[in-house]
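Enquirer: The structure follows.
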Amino acid sequence: MHARYALIALVVGCALAVSPTAFAQDLENSDDGHLAVKLMLGLGGEAELDVENDPVGFEPEDDMELGYGLGVAYMHPLHRFFALGGQLAIFSWTTDGLEEINADRNMLIDLSLVPQLKYAVSRSVELYASLPLGLTVDSWGEDECLGFNLALMLGVRGALGDSWGLLGEIGFVYHAFTHTVEAEAPVVGDIENDFDVSTGQIGLNVGVWFQL
């Protein structure tokens, strides 16, 4: 009986002693693409506003509130040190000034091309630098406009199993777009005005990836 327990303990001990990387995806030599799902946060930063015809004196800059959203990205390695992919993100943002007047939050939809430099420091850990850039649709109430986005993100991807793992990213995210607002005015009738908006925040993303 004691011998059987000792054998069981030995087997369990050996299993625990084996490094988890022995069962993890080999990030050094893999040429498979992966899908990533991310929680995206925007920290700090400022929004700049440029009004074409400014009759009331808008503040040119305003501090950003916490932004949050979700992103889905697909990356495919083209070389040991380079990958190319795409990302779709939905992101909610506002500023201190908009928050004070109880204005609706803005909703961004980003569709980005993502070139990426990468380096596997081990079989289960990869460091990378990504440069997402692409089109942005910003929705504020019923008004929608088209702009662009650009970011520089530094990340780390770790394998926890043979086809999945976790990732984390930090960097700077920039958006720019123009809203055209219509308003009724006495005597002259409807008036249109363009609001050029640009935002910059520290981006912090965490998520999970799956090999495809």
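Every chain in the structure tokens takes a letter, A first, then B, and so on in the order presented; its residues are numbered from 1, and the ligands are numbered from 1 following the presented order.
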Give me, as a ChimeraX atom specification, all polymer residues having an atom no more than 6 Å from segment 25-30 of chain A, counting only C-alpha atoms and skipping those fewer than 4 positions away in the same chain.
Expert: /A:120,123-124,159,162-163
Enquirer: Extract, using only C-alpha atoms, all DNA, RNA and protein residues at most 8 Å from Asp31 of chain A, discarding same-chain residues fewer than 2 positions from it, and format them as a list in words.
Expert: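 Near Asp31 of chain A, the qualifying residues are Asn29, Gly33, His76, Pro77 and Leu78 of chain A.
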Enquirer: Measure the distance from atom CA of Glu126 of chain A to atom CA of Gly44 of chain A in Å and round it to one decimal.
Expert: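 Calculated distance between atom CA of Glu126 of chain A and atom CA of Gly44 of chain A is 27.7 Å.
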Enquirer: So, counting only C-alpha atoms, which residue among A:Leu131, A:Val125, A:Met75, A:Leu113 is closest to Arg157 of chain A?
Expert: A:Val125
Enquirer: Could you please write out, as an MDAnalysis selection string, every residue of segment 25-196 of chain A that DSSP assigns to strand (DSSP E)?
Expert: chainID A and resid 34:51 61:63 67:79 82:93 106:120 125:130 133:140 143:159 164:185 189:196
Enquirer: For Gly147 of chain A, list every protein, DNA or RNA residue within 12 Å, evaluated using only C-alpha atoms, and leave out those in the same chain fewer than 4 positions away; present the list as number ranges by chain.
Expert: A: 108-112, 133-139, 174-179, 196-199
Enquirer: Rounded to one decimal in Å, what is the spacing between atom CA of Glu65 of chain A and atom CA of Thr95 of chain A?
Expert: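 So the two atoms, atom CA of Glu65 of chain A and atom CA of Thr95 of chain A, lie 5.0 Å apart.
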Enquirer: Please indicate the distance in Å from atom CA of Val206 of chain A to atom CA of Ile170 of chain A, rounded to one decimal place.
Expert: 9.0 Å
Enquirer: Neighbouring residues of Ser130 of chain A were defined as those with any atom within 10 Å, considering only C-alpha atoms; residues of the same chain fewer than 3 positions away were excluded. Please report them as a PyMOL selection string.
Expert: chain A and resi 82-85+113-118+133+151-155+169+171
Enquirer: Could you please take those selected residues and save all heavy atoms as a compact mmCIF listing (two decimals), in the first residue's frame?
Expert:
# COMPACT_ATOMS: atom_id res chain seq x y z
N PHE A 82 8.87 39.40 -38.17
CA PHE A 82 7.85 40.34 -38.69
C PHE A 82 6.53 39.62 -38.89
O PHE A 82 6.48 38.49 -39.38
CB PHE A 82 8.31 40.94 -40.01
CG PHE A 82 7.34 41.92 -40.59
CD1 PHE A 82 7.21 43.19 -40.06
CD2 PHE A 82 6.53 41.56 -41.67
CE1 PHE A 82 6.30 44.10 -40.59
CE2 PHE A 82 5.63 42.46 -42.21
CZ PHE A 82 5.51 43.73 -41.68
N ALA A 83 5.45 40.31 -38.51
CA ALA A 83 4.09 39.80 -38.73
C ALA A 83 3.23 40.94 -39.24
O ALA A 83 3.52 42.12 -39.03
CB ALA A 83 3.51 39.23 -37.43
N LEU A 84 2.15 40.57 -39.92
CA LEU A 84 1.22 41.55 -40.46
C LEU A 84 -0.19 41.06 -40.17
O LEU A 84 -0.50 39.87 -40.32
CB LEU A 84 1.42 41.72 -41.97
CG LEU A 84 0.59 42.79 -42.66
CD1 LEU A 84 0.96 44.18 -42.14
CD2 LEU A 84 0.78 42.73 -44.18
N GLY A 85 -1.05 41.99 -39.78
CA GLY A 85 -2.41 41.59 -39.46
C GLY A 85 -3.37 42.76 -39.52
O GLY A 85 -3.07 43.83 -40.07
N LEU A 113 -4.81 48.37 -40.10
CA LEU A 113 -3.75 47.47 -40.53
C LEU A 113 -2.68 47.49 -39.46
O LEU A 113 -2.36 48.55 -38.90
CB LEU A 113 -3.17 47.95 -41.87
CG LEU A 113 -2.07 47.10 -42.50
CD1 LEU A 113 -2.65 45.79 -43.01
CD2 LEU A 113 -1.40 47.86 -43.64
N VAL A 114 -2.11 46.31 -39.14
CA VAL A 114 -1.17 46.22 -38.02
C VAL A 114 0.14 45.55 -38.45
O VAL A 114 0.25 44.31 -38.42
CB VAL A 114 -1.77 45.46 -36.83
CG1 VAL A 114 -0.83 45.52 -35.62
CG2 VAL A 114 -3.14 45.99 -36.46
N PRO A 115 1.14 46.32 -38.88
CA PRO A 115 2.49 45.75 -39.04
C PRO A 115 3.15 45.58 -37.67
O PRO A 115 2.96 46.42 -36.77
CB PRO A 115 3.22 46.78 -39.90
CG PRO A 115 2.49 48.06 -39.67
CD PRO A 115 1.07 47.72 -39.31
N GLN A 116 3.93 44.53 -37.52
CA GLN A 116 4.48 44.20 -36.20
C GLN A 116 5.88 43.63 -36.30
O GLN A 116 6.14 42.71 -37.07
CB GLN A 116 3.57 43.19 -35.50
CG GLN A 116 3.97 42.81 -34.10
CD GLN A 116 3.05 41.75 -33.53
OE1 GLN A 116 3.34 40.56 -33.60
NE2 GLN A 116 1.92 42.17 -32.96
N LEU A 117 6.80 44.21 -35.52
CA LEU A 117 8.13 43.63 -35.32
C LEU A 117 8.08 42.78 -34.06
O LEU A 117 7.52 43.21 -33.04
CB LEU A 117 9.18 44.73 -35.16
CG LEU A 117 9.41 45.63 -36.37
CD1 LEU A 117 10.41 46.73 -36.02
CD2 LEU A 117 9.90 44.83 -37.57
N LYS A 118 8.66 41.57 -34.13
CA LYS A 118 8.53 40.66 -33.00
C LYS A 118 9.84 39.90 -32.77
O LYS A 118 10.64 39.73 -33.69
CB LYS A 118 7.40 39.65 -33.23
CG LYS A 118 7.59 38.75 -34.43
CD LYS A 118 6.31 37.98 -34.74
CE LYS A 118 6.52 36.97 -35.86
NZ LYS A 118 7.29 35.79 -35.45
N LEU A 133 -2.59 51.31 -37.78
CA LEU A 133 -3.00 52.53 -38.46
C LEU A 133 -4.15 52.20 -39.39
O LEU A 133 -4.17 51.14 -40.02
CB LEU A 133 -1.85 53.17 -39.23
CG LEU A 133 -1.28 52.48 -40.46
CD1 LEU A 133 -0.48 53.45 -41.30
CD2 LEU A 133 -0.41 51.29 -40.07
N ALA A 151 -1.25 54.35 -33.80
CA ALA A 151 -0.79 53.99 -32.46
C ALA A 151 0.58 53.33 -32.55
O ALA A 151 0.97 52.79 -33.60
CB ALA A 151 -1.78 53.05 -31.78
N LEU A 152 1.29 53.38 -31.45
CA LEU A 152 2.53 52.63 -31.27
C LEU A 152 2.38 51.85 -29.98
O LEU A 152 2.27 52.42 -28.89
CB LEU A 152 3.75 53.55 -31.18
CG LEU A 152 5.08 52.85 -30.87
CD1 LEU A 152 5.42 51.83 -31.94
CD2 LEU A 152 6.20 53.87 -30.71
N MET A 153 2.37 50.51 -30.09
CA MET A 153 2.12 49.65 -28.93
C MET A 153 3.29 48.69 -28.74
O MET A 153 3.74 48.04 -29.70
CB MET A 153 0.84 48.85 -29.12
CG MET A 153 -0.40 49.68 -29.41
SD MET A 153 -0.84 50.82 -28.08
CE MET A 153 -1.26 49.67 -26.76
N LEU A 154 3.77 48.59 -27.51
CA LEU A 154 4.78 47.61 -27.13
C LEU A 154 4.08 46.50 -26.35
O LEU A 154 3.28 46.79 -25.44
CB LEU A 154 5.86 48.26 -26.27
CG LEU A 154 6.58 49.45 -26.89
CD1 LEU A 154 7.60 50.02 -25.92
CD2 LEU A 154 7.25 49.07 -28.20
N GLY A 155 4.36 45.25 -26.71
CA GLY A 155 3.60 44.17 -26.09
C GLY A 155 4.44 42.95 -25.77
O GLY A 155 5.58 42.81 -26.18
N GLU A 169 -0.29 44.88 -23.69
CA GLU A 169 0.26 45.93 -24.55
C GLU A 169 0.15 47.28 -23.86
O GLU A 169 -0.82 47.55 -23.15
CB GLU A 169 -0.51 45.99 -25.88
CG GLU A 169 -0.48 44.71 -26.69
CD GLU A 169 -1.39 44.76 -27.90
OE1 GLU A 169 -2.31 45.61 -27.92
OE2 GLU A 169 -1.19 43.95 -28.82
N GLY A 171 1.15 51.62 -24.84
CA GLY A 171 1.68 52.53 -25.84
C GLY A 171 0.88 53.81 -25.92
O GLY A 171 0.19 54.19 -24.96
